[in-house]
>>> print(open('final-v9.txt').read())   # compact mmCIF, C-alpha atoms and all ligand atoms
# COMPACT_ATOMS: atom_id res chain seq x y z
CA MET A 29 70.66 60.15 92.79
CA SER A 30 71.67 59.91 96.43
CA PHE A 31 74.71 61.82 97.62
CA SER A 32 77.26 60.42 100.05
CA GLY A 33 77.83 63.83 101.65
CA PRO A 34 80.97 65.89 102.25
CA ALA A 35 82.13 63.94 105.35
CA SER A 36 82.30 60.65 103.47
CA ILE A 37 84.08 62.28 100.52
CA LEU A 38 86.67 63.87 102.83
CA THR A 39 87.32 60.50 104.51
CA LYS A 40 87.81 58.74 101.18
CA ARG A 41 90.03 61.51 99.83
CA ALA A 42 92.19 61.22 102.94
CA GLU A 43 92.45 57.47 102.43
CA TYR A 44 92.88 57.15 98.66
CA PHE A 45 94.26 60.43 97.25
CA PHE A 46 97.88 61.51 97.56
CA PRO A 47 98.29 63.13 100.97
CA ALA A 48 99.20 66.55 99.51
CA THR A 49 95.89 66.77 97.60
CA GLY A 50 94.34 70.10 98.52
CA HIS A 51 90.86 71.49 98.96
CA PHE A 52 89.39 74.81 99.99
CA TYR A 53 87.37 75.34 103.20
CA LYS A 54 87.17 73.74 106.64
CA ASN A 55 83.69 72.50 105.75
CA PRO A 56 83.68 72.07 101.99
CA PRO A 57 80.33 71.50 100.29
CA GLN A 58 79.75 68.54 97.96
CA ILE A 59 79.04 70.08 94.57
CA VAL A 60 76.42 68.06 92.74
CA LYS A 61 75.07 70.35 90.02
CA GLY A 62 76.03 73.36 87.97
CA TYR A 63 73.97 75.75 85.90
CA MET A 64 75.58 78.75 84.19
CA GLN A 65 77.12 80.95 86.95
CA TYR A 66 75.70 78.81 89.75
CA LEU A 67 76.74 75.66 91.59
CA PHE A 68 74.53 73.62 93.92
CA ASP A 69 75.52 71.41 96.84
CA GLN A 70 74.06 68.15 98.14
CA GLN A 71 71.42 70.06 100.08
CA ASN A 72 70.50 72.08 96.99
CA LYS A 73 72.07 75.22 98.44
CA ARG A 74 72.97 77.58 95.61
CA TYR A 75 76.37 79.22 95.31
CA THR A 76 77.32 81.89 92.80
CA ASP A 77 80.62 80.70 91.39
CA PHE A 78 83.17 83.53 91.38
CA TYR A 79 86.05 81.16 90.59
CA ALA A 80 84.82 79.13 87.59
CA GLY A 81 87.31 76.34 88.30
CA VAL A 82 90.18 78.82 87.81
CA SER A 83 88.82 80.42 84.66
CA VAL A 84 87.68 77.21 83.03
CA MET A 85 83.94 77.74 82.74
CA ASN A 86 83.85 81.01 80.79
CA CYS A 87 80.51 80.03 79.20
CA GLY A 88 79.00 78.85 82.49
CA HIS A 89 78.36 75.42 84.02
CA SER A 90 76.46 72.83 81.99
CA ASN A 91 75.44 75.56 79.56
CA PRO A 92 72.58 73.79 77.70
CA GLU A 93 73.35 75.45 74.36
CA ILE A 94 76.83 73.93 74.47
CA THR A 95 76.21 70.59 76.20
CA LYS A 96 73.35 69.71 73.81
CA LYS A 97 75.74 69.73 70.84
CA THR A 98 78.46 67.94 72.81
CA ILE A 99 75.98 65.13 73.53
CA GLU A 100 75.01 64.98 69.84
CA GLN A 101 78.69 64.62 68.93
CA LEU A 102 79.16 61.96 71.64
CA ASN A 103 76.34 59.97 70.08
CA ASP A 104 77.61 60.39 66.50
CA LEU A 105 81.34 59.82 66.87
CA GLN A 106 83.04 59.72 70.23
CA HIS A 107 86.62 59.06 69.29
CA THR A 108 88.89 57.53 66.75
CA THR A 109 92.55 58.15 66.09
CA THR A 110 93.15 61.79 65.29
CA LEU A 111 95.24 60.47 62.39
CA TYR A 112 91.98 59.76 60.50
CA LEU A 113 90.20 62.62 58.78
CA THR A 114 87.54 64.15 61.01
CA GLN A 115 85.83 67.48 60.59
CA PRO A 116 85.58 69.19 64.01
CA MET A 117 89.36 69.23 64.57
CA VAL A 118 90.15 70.83 61.23
CA GLU A 119 87.32 73.36 61.55
CA LEU A 120 88.61 74.29 64.98
CA ALA A 121 92.16 74.74 63.70
CA GLU A 122 90.84 77.01 60.93
CA LYS A 123 88.79 79.03 63.42
CA LEU A 124 91.76 79.42 65.77
CA ALA A 125 93.92 80.70 62.90
CA LEU A 126 91.31 83.45 62.46
CA ILE A 127 91.19 84.55 66.09
CA LEU A 128 94.79 84.02 67.24
CA PRO A 129 97.00 87.10 66.93
CA GLY A 130 99.10 87.98 63.87
CA ASP A 131 100.59 85.26 61.68
CA ILE A 132 99.91 82.44 64.15
CA THR A 133 97.94 80.00 62.01
CA ARG A 134 99.14 76.48 62.88
CA THR A 135 97.85 74.54 65.88
CA PHE A 136 98.80 71.31 67.63
CA PHE A 137 96.02 69.92 69.84
CA CYS A 138 96.58 68.34 73.25
CA VAL A 139 94.50 67.70 76.36
CA THR A 140 95.81 69.76 79.30
CA GLY A 141 97.53 73.09 79.81
CA SER A 142 100.64 71.37 81.16
CA GLU A 143 100.89 69.14 78.11
CA ALA A 144 100.51 72.07 75.72
CA ASN A 145 103.17 74.13 77.54
CA GLU A 146 105.46 71.10 77.48
CA GLY A 147 104.82 70.76 73.74
CA ALA A 148 105.48 74.46 73.18
CA MET A 149 108.82 74.14 74.97
CA ALA A 150 109.75 71.04 72.98
CA LEU A 151 108.89 72.94 69.80
CA ALA A 152 111.08 75.89 70.87
CA ARG A 153 113.97 73.48 71.42
CA MET A 154 113.49 71.80 68.05
CA PHE A 155 113.26 75.14 66.21
CA THR A 156 116.15 76.94 67.89
CA LYS A 157 118.29 73.82 68.51
CA LYS A 158 118.99 75.38 71.91
CA GLN A 159 118.30 74.01 75.41
CA GLY A 160 117.49 76.58 78.07
CA PHE A 161 114.43 78.54 79.23
CA ILE A 162 113.81 81.83 80.98
CA ALA A 163 110.75 82.17 83.21
CA LEU A 164 109.25 84.76 85.53
CA GLN A 165 109.12 84.58 89.31
CA GLY A 166 105.48 84.21 90.27
CA GLY A 167 104.57 82.31 87.09
CA LEU A 168 102.87 78.90 86.95
CA HIS A 169 102.96 76.62 83.92
CA GLY A 170 101.81 73.16 84.94
CA ARG A 171 102.47 69.77 86.42
CA THR A 172 104.83 67.98 84.05
CA HIS A 173 108.52 67.75 84.86
CA LEU A 174 109.58 70.69 82.69
CA THR A 175 106.54 72.88 83.38
CA LEU A 176 106.98 72.33 87.14
CA SER A 177 110.59 73.41 86.71
CA VAL A 178 109.76 76.71 84.95
CA THR A 179 107.10 77.50 87.55
CA GLY A 180 108.19 80.52 89.60
CA ILE A 181 106.06 79.95 92.71
CA PRO A 182 108.21 78.25 95.36
CA MET A 183 105.37 76.13 96.80
CA TRP A 184 104.61 74.62 93.36
CA ARG A 185 108.08 74.58 91.77
CA LEU A 186 110.09 71.41 91.29
CA ASP A 187 113.69 72.36 92.00
CA ASP A 188 115.20 69.47 90.17
CA GLN A 189 118.87 69.08 89.27
CA LEU A 190 118.00 67.30 86.03
CA VAL A 191 116.91 70.51 84.28
CA LYS A 192 117.77 73.25 86.78
CA GLU A 193 121.00 74.29 85.10
CA HIS A 194 119.07 75.17 81.93
CA ILE A 195 116.43 77.33 83.62
CA TYR A 196 116.81 80.99 84.50
CA PHE A 197 114.33 83.00 86.53
CA ILE A 198 113.96 86.77 86.46
CA ASP A 199 111.84 88.98 88.72
CA ARG A 200 108.38 89.89 87.51
CA PRO A 201 107.91 93.59 86.74
CA TYR A 202 105.68 94.04 89.76
CA SER A 203 106.27 94.54 93.44
CA MET A 204 104.23 96.11 96.23
CA GLU A 205 107.45 97.58 97.62
CA VAL A 206 108.82 99.57 94.66
CA SER A 207 107.33 101.58 91.78
CA GLN A 208 106.19 99.84 88.58
CA ASP A 209 108.97 101.64 86.68
CA ASP A 210 111.66 100.39 89.05
CA ALA A 211 110.27 96.85 89.06
CA MET A 212 110.20 96.81 85.26
CA ALA A 213 113.72 98.23 84.94
CA GLN A 214 115.03 95.57 87.32
CA SER A 215 113.26 92.74 85.51
CA LEU A 216 114.55 93.90 82.09
CA ALA A 217 118.11 94.36 83.42
CA GLN A 218 118.06 90.78 84.75
CA LEU A 219 116.76 89.52 81.41
CA GLU A 220 119.46 91.34 79.48
CA LEU A 221 122.20 89.99 81.72
CA ILE A 222 121.01 86.38 81.34
CA LEU A 223 120.74 86.77 77.57
CA LYS A 224 124.25 88.24 77.36
CA GLU A 225 125.73 85.40 79.39
CA HIS A 226 123.65 82.43 78.20
CA GLY A 227 121.60 83.61 75.19
CA GLU A 228 123.35 81.25 72.80
CA ASN A 229 121.96 78.33 74.79
CA ILE A 230 118.42 79.57 75.53
CA ALA A 231 115.50 78.37 73.41
CA ALA A 232 112.65 80.45 74.78
CA MET A 233 111.17 82.58 77.50
CA ILE A 234 107.79 81.43 78.83
CA LEU A 235 105.36 83.65 80.70
CA GLU A 236 101.70 84.29 81.37
CA PRO A 237 100.39 87.61 80.00
CA ILE A 238 98.71 88.15 83.37
CA GLN A 239 99.91 85.97 86.23
CA GLY A 240 97.03 83.94 87.61
CA ASN A 241 98.27 81.81 90.46
CA GLY A 242 100.94 84.40 91.19
CA GLY A 243 98.19 86.72 92.46
CA ILE A 244 96.57 88.32 89.36
CA VAL A 245 99.50 90.46 88.31
CA MET A 246 99.56 92.54 85.11
CA TYR A 247 102.70 94.03 83.66
CA PRO A 248 103.38 97.63 82.59
CA GLU A 249 101.93 98.21 79.10
CA ASP A 250 105.29 98.27 77.29
CA TYR A 251 106.95 95.45 79.25
CA LEU A 252 106.31 92.67 76.74
CA GLN A 253 107.41 94.84 73.80
CA LYS A 254 110.72 95.43 75.55
CA VAL A 255 111.05 91.76 76.48
CA GLN A 256 110.40 90.73 72.90
CA ALA A 257 112.97 93.17 71.48
CA LEU A 258 115.61 91.73 73.82
CA LEU A 259 114.69 88.12 73.05
CA ASP A 260 114.72 88.77 69.27
CA ALA A 261 118.26 90.11 69.50
CA TYR A 262 119.39 86.74 70.86
CA GLN A 263 117.10 84.51 68.72
CA VAL A 264 115.20 83.41 71.80
CA LEU A 265 111.50 82.61 71.24
CA LEU A 266 108.64 84.06 73.29
CA ILE A 267 106.03 81.56 74.52
CA ILE A 268 102.87 83.10 75.95
CA ASP A 269 100.90 80.86 78.31
CA GLU A 270 97.23 81.86 77.92
CA VAL A 271 95.97 78.76 79.73
CA GLN A 272 94.20 80.84 82.39
CA THR A 273 93.71 84.12 80.50
CA GLY A 274 92.52 82.97 77.08
CA TYR A 275 89.09 83.17 75.41
CA GLY A 276 87.70 86.42 76.73
CA ARG A 277 88.55 86.18 80.41
CA THR A 278 90.47 89.49 80.57
CA GLY A 279 88.24 91.54 78.26
CA LYS A 280 90.23 90.61 75.13
CA MET A 281 90.01 87.28 73.29
CA PHE A 282 93.65 86.72 74.35
CA ALA A 283 95.34 88.69 77.12
CA VAL A 284 98.49 89.22 75.07
CA GLU A 285 96.40 91.70 73.02
CA HIS A 286 96.57 94.10 75.99
CA TYR A 287 100.27 94.55 75.21
CA GLY A 288 100.16 94.84 71.41
CA ILE A 289 102.63 92.07 70.59
CA VAL A 290 102.47 88.78 68.68
CA PRO A 291 104.41 86.01 70.44
CA ASP A 292 106.20 83.18 68.65
CA ILE A 293 104.13 80.47 70.33
CA ILE A 294 100.82 80.80 72.18
CA VAL A 295 99.39 78.15 74.49
CA THR A 296 95.72 77.80 75.43
CA ALA A 297 93.59 75.30 77.37
CA LYS A 298 90.94 75.50 80.13
CA ALA A 299 88.17 77.77 78.76
CA LEU A 300 88.45 76.44 75.19
CA GLY A 301 86.54 73.30 76.15
CA ASN A 302 84.41 74.88 78.91
CA GLY A 303 84.93 71.73 81.01
CA ILE A 304 85.79 69.23 78.24
CA PRO A 305 89.60 68.80 78.22
CA ILE A 306 91.33 70.33 75.21
CA SER A 307 94.47 72.44 74.85
CA THR A 308 96.57 73.89 72.08
CA PHE A 309 99.93 75.30 71.18
CA SER A 310 100.01 77.41 68.06
CA THR A 311 102.68 79.14 66.03
CA ARG A 312 103.59 80.53 62.61
CA ASP A 313 104.62 78.44 59.56
CA GLU A 314 108.36 78.76 59.94
CA ILE A 315 108.40 77.46 63.52
CA ALA A 316 105.76 74.76 62.97
CA ASN A 317 107.97 73.24 60.27
CA ALA A 318 110.51 72.33 62.95
CA PHE A 319 108.09 70.14 64.94
CA THR A 320 109.00 66.77 63.53
CA LYS A 321 108.85 64.36 66.46
CA PRO A 322 105.33 63.42 67.65
CA SER A 323 102.71 63.85 64.93
CA ALA A 324 99.61 63.76 67.15
CA SER A 325 98.29 63.27 70.68
CA THR A 326 95.89 60.36 71.28
CA PHE A 327 93.01 62.48 72.61
CA GLY A 328 94.18 65.94 71.53
CA GLY A 329 91.43 67.54 69.45
CA ASN A 330 89.18 64.45 69.44
CA PRO A 331 85.74 64.96 67.86
CA VAL A 332 83.90 65.55 71.15
CA ALA A 333 86.45 68.06 72.48
CA ALA A 334 86.92 69.84 69.15
CA GLN A 335 83.18 70.09 68.47
CA THR A 336 82.64 71.43 71.99
CA ALA A 337 85.40 74.00 71.48
CA LEU A 338 83.82 75.14 68.22
CA ASN A 339 80.52 75.62 70.02
CA VAL A 340 82.26 77.43 72.88
CA LEU A 341 83.84 79.90 70.45
CA GLN A 342 80.50 80.38 68.71
CA TYR A 343 78.78 80.97 72.04
CA ILE A 344 81.43 83.52 73.09
CA GLU A 345 80.89 85.34 69.80
CA ASN A 346 77.09 85.19 69.77
CA ASN A 347 76.81 86.39 73.34
CA ARG A 348 79.58 89.00 73.07
CA LEU A 349 81.28 87.52 76.12
CA VAL A 350 84.57 89.32 75.48
CA GLU A 351 82.86 92.72 75.70
CA GLN A 352 80.83 91.39 78.61
CA ALA A 353 84.03 90.53 80.52
CA ASN A 354 85.25 94.04 79.89
CA VAL A 355 82.11 95.85 80.96
CA LEU A 356 81.32 93.65 83.96
CA GLY A 357 84.97 93.54 85.00
CA ASP A 358 85.10 97.34 85.13
CA TYR A 359 81.84 97.33 87.06
CA LEU A 360 83.12 94.76 89.56
CA LYS A 361 86.35 96.67 90.07
CA ARG A 362 84.50 99.95 90.55
CA LYS A 363 82.17 98.38 93.13
CA LEU A 364 85.08 96.71 94.97
CA ARG A 365 86.87 100.06 95.16
CA GLN A 366 83.83 101.52 96.94
CA ILE A 367 84.23 99.05 99.80
CA ASP A 368 85.72 100.85 102.75
CA SER A 369 87.76 98.16 104.51
CA PRO A 370 91.28 98.29 105.91
CA PHE A 371 91.73 94.60 105.05
CA ILE A 372 91.81 95.41 101.32
CA GLN A 373 95.33 96.45 100.37
CA GLU A 374 95.09 96.49 96.58
CA ILE A 375 92.67 95.61 93.77
CA ARG A 376 94.31 94.36 90.57
CA GLY A 377 93.54 92.81 87.20
CA THR A 378 91.38 93.39 84.18
CA GLY A 379 88.17 91.99 82.70
CA LEU A 380 86.77 89.24 84.88
CA MET A 381 90.17 88.30 86.27
CA ILE A 382 90.43 90.39 89.40
CA GLY A 383 92.58 89.95 92.49
CA VAL A 384 91.96 91.54 95.87
CA GLN A 385 95.12 91.70 97.98
CA ILE A 386 94.26 91.06 101.62
CA GLN A 387 96.24 92.27 104.61
CA SER A 388 95.82 90.91 108.12
CA LEU A 389 96.16 93.98 110.43
CA ASP A 390 96.77 91.62 113.35
CA PRO A 391 100.30 90.36 114.10
CA MET A 392 98.83 87.09 115.46
CA ILE A 393 96.98 86.31 112.20
CA THR A 394 98.71 85.87 108.82
CA SER A 395 97.28 87.44 105.70
CA ALA A 396 96.74 83.88 104.35
CA GLU A 397 94.65 83.02 107.43
CA ARG A 398 92.62 86.20 106.92
CA THR A 399 92.06 85.20 103.30
CA ASP A 400 90.87 81.73 104.36
CA GLU A 401 88.51 83.34 106.86
CA ILE A 402 86.98 85.46 104.11
CA LEU A 403 86.65 82.45 101.75
CA GLU A 404 84.90 80.45 104.47
CA LYS A 405 82.50 83.22 105.53
CA ILE A 406 81.52 84.24 102.03
CA LYS A 407 80.90 80.60 101.13
CA GLU A 408 78.39 80.44 104.00
CA VAL A 409 76.37 83.25 102.37
CA GLY A 410 76.47 81.60 98.94
CA PHE A 411 79.59 82.70 97.03
CA LEU A 412 82.56 80.55 96.03
CA ILE A 413 85.75 82.50 95.38
CA GLY A 414 89.36 81.46 94.85
CA LYS A 415 92.64 82.44 96.45
CA ASN A 416 96.13 82.72 95.03
CA GLY A 417 99.32 84.79 95.26
CA LEU A 418 102.81 83.96 96.52
CA ASN A 419 101.52 84.15 100.11
CA ARG A 420 98.02 82.77 99.34
CA ASP A 421 96.50 86.06 100.43
CA VAL A 422 94.80 87.29 97.27
CA LEU A 423 91.08 86.77 96.67
CA ALA A 424 90.77 85.47 93.10
CA LEU A 425 87.59 86.68 91.38
CA GLN A 426 87.21 84.88 88.04
CA PRO A 427 83.50 84.15 87.55
CA PRO A 428 81.95 82.66 84.41
CA LEU A 429 81.61 85.46 81.83
CA VAL A 430 77.83 84.88 81.86
CA ILE A 431 77.56 86.45 85.31
CA THR A 432 75.15 89.39 85.71
CA LYS A 433 75.36 92.84 87.27
CA GLU A 434 72.92 91.67 89.94
CA ASP A 435 75.23 88.77 90.87
CA ILE A 436 78.06 91.26 91.20
CA ASP A 437 75.97 93.63 93.35
CA ASP A 438 75.01 90.75 95.66
CA PHE A 439 78.58 89.54 95.85
CA VAL A 440 80.10 92.93 96.65
CA SER A 441 77.56 93.70 99.35
CA SER A 442 78.17 90.25 100.89
CA LEU A 443 81.93 90.76 100.76
CA GLU A 444 81.55 94.13 102.44
CA LYS A 445 79.52 92.54 105.25
CA VAL A 446 82.02 89.69 105.67
CA LEU A 447 84.91 92.16 105.91
CA GLN A 448 83.05 94.01 108.66
CA THR A 449 82.91 90.84 110.78
CA LEU A 450 86.68 90.20 110.76
N1 LIG B 501 99.38 77.40 82.93
C1 LIG B 501 98.62 78.20 83.70
C2 LIG B 501 98.75 79.67 83.57
C3 LIG B 501 97.70 77.64 84.59
O1 LIG B 501 96.94 78.43 85.36
C4 LIG B 501 97.58 76.22 84.67
C5 LIG B 501 96.60 75.54 85.61
N2 LIG B 501 96.23 76.24 86.71
C6 LIG B 501 98.40 75.44 83.85
C7 LIG B 501 99.28 76.06 82.98
C8 LIG B 501 98.30 73.94 83.86
O2 LIG B 501 97.15 73.53 83.22
P1 LIG B 501 96.57 72.04 83.44
O3 LIG B 501 96.16 71.92 84.87
O4 LIG B 501 95.42 71.96 82.48
O5 LIG B 501 97.66 71.10 83.07
>>> encode(input="final-v9.txt", output="structure tokens", more="lines below")
Ligand code: PMP
Amino acid sequence: MSFSGPASILTKRAEYFFPATGHFYKNPPQIVKGYMQYLFDQQNKRYTDFYAGVSVMNCGHSNPEITKKTIEQLNDLQHTTTLYLTQPMVELAEKLALILPGDITRTFFCVTGSEANEGAMALARMFTKKQGFIALQGGLHGRTHLTLSVTGIPMWRLDDQLVKEHIYFIDRPYSMEVSQDDAMAQSLAQLELILKEHGENIAAMILEPIQGNGGIVMYPEDYLQKVQALLDAYQVLLIIDEVQTGYGRTGKMFAVEHYGIVPDIIVTAKALGNGIPISTFSTRDEIANAFTKPSASTFGGNPVAAQTALNVLQYIENNRLVEQANVLGDYLKRKLRQIDSPFIQEIRGTGLMIGVQIQSLDPMITSAERTDEILEKIKEVGFLIGKNGLNRDVLALQPPLVITKEDIDDFVSSLEKVLQTL
């Protein structure tokens, strides 16, 4: 196959995509091939992928063990209405009931994370017969009207009058300026106040167990227990958005397990299909009974996606990827902490979901510009990493869980060298 090259792709994007469509890098490579933790550009230059399409490719790119069975399924039965009886979808639902926390045993299949969050919120409304939602500053939940409106990152949020009066934001229990205890106390006090004033009209609170786009932010260990106790007192449901954190990424199958609670509704997507679109929202019997409006999604849980997801879960199990994320995540964090650089302000996260907070140290350069400089320079030496955070100044390290210690060693020594050149 011949490749048009990055310049031609950039020109066509500028002409045919929406103008706000983003990309990383001043000189982005054209990615033409993937294999496990590696990506290759049009000149066959190899990059180790430390971003994994924002935690999508937990089992690695074009993992042959998984794609082989996806192709078999494609050849056998590609799609039919999910209203007919097919086996992969029901096997997947049964498997999810086994691995999801607590009494969450019923699953509705969709295609994207946004769609599943939207479905979870519709379900919360149908069950509680209430309207409003509480969300966290710094959270991100998708691209549909409602999910854009509960997104707590100003640059991505839709501040729309149509739903605004039903949405309440509280601070996240994290701040670089105050202690964790103070940040948590403030967040809980805000939650309690909103519940007291509007609880009778709020259906659910939605939040990520670890904020991804908000800059890889974990909460104090007992935060979610306290949140849940408050919500329960006002019959407000808790929706946990595991779209970015689910399926082993954080060193647990689901990140909510770090906090020892079982939410009312749990949403997953991305890594479940390892590149084939599939998403879910799941809940317990009592709540599922209330979901009476749409009975299925056209492509949600289709045979190809469901069979792929089954193979993804089997691969995660067979290769102990959850433990792997834990062990390698600790190793990566330890190695990052050994880097002696004034540009690193903080290292956060757990498992293979790690954020490195960058500071500029030069009043003429913003921390976001510093971060871009690092992304660009480390790409040149063969590593693709992400960036996120409210100021776009956090390096996002979320590699496929099939990465090796050697990849991590190479990455950390390259990062150290790049930081020395700034
Ligand atoms: N929730 C979270 C936590 C996400 O990170 C994302 C995507 N970055 C979404 C929801 C939206 O998922 P999708 O793009 O599949 O609609």
>>> closest_atom_pairs(input="final-v9.txt", of="chain A", to="ligand LIG 501 (chain B)", cutoff="7 Å", atoms="all atoms listed in the file", output="JSON lines")
{"residue": "A:Val82", "atom": "CA", "partner": "B:LIG501", "partner_atom": "N2", "distance": 6.7}
{"residue": "A:Thr140", "atom": "CA", "partner": "B:LIG501", "partner_atom": "O4", "distance": 3.9}
{"residue": "A:Gly141", "atom": "CA", "partner": "B:LIG501", "partner_atom": "O2", "distance": 3.5}
{"residue": "A:Ser142", "atom": "CA", "partner": "B:LIG501", "partner_atom": "O5", "distance": 3.5}
{"residue": "A:Glu143", "atom": "CA", "partner": "B:LIG501", "partner_atom": "O5", "distance": 6.2}
{"residue": "A:Asn145", "atom": "CA", "partner": "B:LIG501", "partner_atom": "C7", "distance": 7.0}
{"residue": "A:Leu168", "atom": "CA", "partner": "B:LIG501", "partner_atom": "C2", "distance": 5.4}
{"residue": "A:His169", "atom": "CA", "partner": "B:LIG501", "partner_atom": "N1", "distance": 3.8}
{"residue": "A:Gly170", "atom": "CA", "partner": "B:LIG501", "partner_atom": "C8", "distance": 3.8}
{"residue": "A:Arg171", "atom": "CA", "partner": "B:LIG501", "partner_atom": "O5", "distance": 6.0}
{"residue": "A:Glu236", "atom": "CA", "partner": "B:LIG501", "partner_atom": "C2", "distance": 5.9}
{"residue": "A:Gln239", "atom": "CA", "partner": "B:LIG501", "partner_atom": "C2", "distance": 6.9}
{"residue": "A:Gly240", "atom": "CA", "partner": "B:LIG501", "partner_atom": "O1", "distance": 6.0}
{"residue": "A:Asn241", "atom": "CA", "partner": "B:LIG501", "partner_atom": "O1", "distance": 6.3}
{"residue": "A:Asp269", "atom": "CA", "partner": "B:LIG501", "partner_atom": "C2", "distance": 5.8}
{"residue": "A:Glu270", "atom": "CA", "partner": "B:LIG501", "partner_atom": "C2", "distance": 6.2}
{"residue": "A:Val271", "atom": "CA", "partner": "B:LIG501", "partner_atom": "C1", "distance": 4.8}
{"residue": "A:Gln272", "atom": "CA", "partner": "B:LIG501", "partner_atom": "O1", "distance": 4.7}
{"residue": "A:Ala297", "atom": "CA", "partner": "B:LIG501", "partner_atom": "O4", "distance": 6.4}
{"residue": "A:Lys298", "atom": "CA", "partner": "B:LIG501", "partner_atom": "O4", "distance": 6.2}
>>> residues_around(input="final-v9.txt", residues="Ala257 in chain A", least_positions_apart="2", cutoff="12 Å", atoms="only C-alpha atoms", output="list in words")
Leu216, Leu219, Glu220, Leu223, Asp250, Tyr251, Leu252, Gln253, Lys254, Val255, Leu259, Asp260, Ala261, Tyr262, Gln263, Val264, Leu265, Leu266, Ile289, Val290 and Pro291 of chain A
>>> residues_around(input="final-v9.txt", residues="Ser441 in chain A", least_positions_apart="5", cutoff="10 Å", atoms="only C-alpha atoms", output="PDB file with C-alpha atoms, in the frame of the given file")
ATOM      1  CA  LYS A 363      82.170  98.380  93.130  1.00  0.00           C
ATOM      2  CA  LEU A 364      85.080  96.710  94.970  1.00  0.00           C
ATOM      3  CA  ILE A 367      84.230  99.050  99.800  1.00  0.00           C
ATOM      4  CA  ILE A 436      78.060  91.260  91.200  1.00  0.00           C
ATOM      5  CA  VAL A 446      82.020  89.690 105.670  1.00  0.00           C
ATOM      6  CA  LEU A 447      84.910  92.160 105.910  1.00  0.00           C
TER       7      LEU A 447
END
>>> residues_around(input="final-v9.txt", residues="range 320-332 of chain A", least_positions_apart="2", cutoff="6 Å", atoms="all atoms listed in the file", output="list of chain:residue names")
A:Gln101, A:Leu102, A:Gln106, A:His107, A:Pro116, A:Met117, A:Phe137, A:Cys138, A:Val139, A:Ala318, A:Ala334, A:Gln335
>>> residues_near_point(input="final-v9.txt", point="(85.3, 79.2, 73.9)", cutoff="9 Å", atoms="all atoms listed in the file", output="list in words")
Asn86, Cys87, Gly274, Tyr275, Gly276, Ala299, Leu300, Gly301, Asn302, Thr336, Ala337, Leu338, Asn339, Val340, Leu341, Gln342, Tyr343, Ile344 and Glu345 of chain A
>>> closest_residue(input="final-v9.txt", among="A:Thr296, A:Asn317, A:Gln58, A:Ser83", to="Leu425 in chain A", atoms="only C-alpha atoms")
A:Ser83
>>> residues_around(input="final-v9.txt", residues="Gly88 in chain A", least_positions_apart="3", cutoff="9 Å", atoms="all atoms listed in the file", output="PyMOL selection string")
chain A and resi 62-66+80+84-85+91+302+427-431
>>> closest_residue(input="final-v9.txt", among="A:Phe31, A:Trp184, A:Phe319, A:Tyr112", to="Gln71 in chain A", atoms="all atoms listed in the file")
A:Phe31
>>> residues_near_point(input="final-v9.txt", point="(98.8, 89.9, 72.3)", cutoff="12 Å", atoms="all atoms listed in the file", output="PyMOL selection string")
chain A and resi 127-132+236-238+249-250+252-253+256+266-270+273-274+278+280-295
>>> decode(input="final-v9.txt", residues="range 76-97 of chain A", atoms="C-alpha atoms", output="PDB file, in the first residue's frame")
ATOM      1  CA  THR A  76       6.345   2.893  21.643  1.00  0.00           C
ATOM      2  CA  ASP A  77       2.788   3.927  22.369  1.00  0.00           C
ATOM      3  CA  PHE A  78       2.491   5.340  25.896  1.00  0.00           C
ATOM      4  CA  TYR A  79      -1.025   6.666  25.256  1.00  0.00           C
ATOM      5  CA  ALA A  80      -2.916   3.677  23.793  1.00  0.00           C
ATOM      6  CA  GLY A  81      -5.538   5.945  22.220  1.00  0.00           C
ATOM      7  CA  VAL A  82      -6.482   7.215  25.704  1.00  0.00           C
ATOM      8  CA  SER A  83      -6.571   3.818  27.371  1.00  0.00           C
ATOM      9  CA  VAL A  84      -8.331   2.018  24.547  1.00  0.00           C
ATOM     10  CA  MET A  85      -5.766  -0.574  23.525  1.00  0.00           C
ATOM     11  CA  ASN A  86      -5.198  -2.338  26.852  1.00  0.00           C
ATOM     12  CA  CYS A  87      -4.369  -5.605  25.031  1.00  0.00           C
ATOM     13  CA  GLY A  88      -2.092  -3.912  22.491  1.00  0.00           C
ATOM     14  CA  HIS A  89      -2.499  -2.927  18.839  1.00  0.00           C
ATOM     15  CA  SER A  90      -3.680  -5.539  16.346  1.00  0.00           C
ATOM     16  CA  ASN A  91      -3.027  -8.226  18.934  1.00  0.00           C
ATOM     17  CA  PRO A  92      -3.064 -11.354  16.715  1.00  0.00           C
ATOM     18  CA  GLU A  93      -4.644 -13.578  19.379  1.00  0.00           C
ATOM     19  CA  ILE A  94      -7.629 -11.229  19.479  1.00  0.00           C
ATOM     20  CA  THR A  95      -7.896 -10.074  15.858  1.00  0.00           C
ATOM     21  CA  LYS A  96      -7.791 -13.666  14.548  1.00  0.00           C
ATOM     22  CA  LYS A  97     -11.035 -14.492  16.364  1.00  0.00           C
TER      23      LYS A  97
END
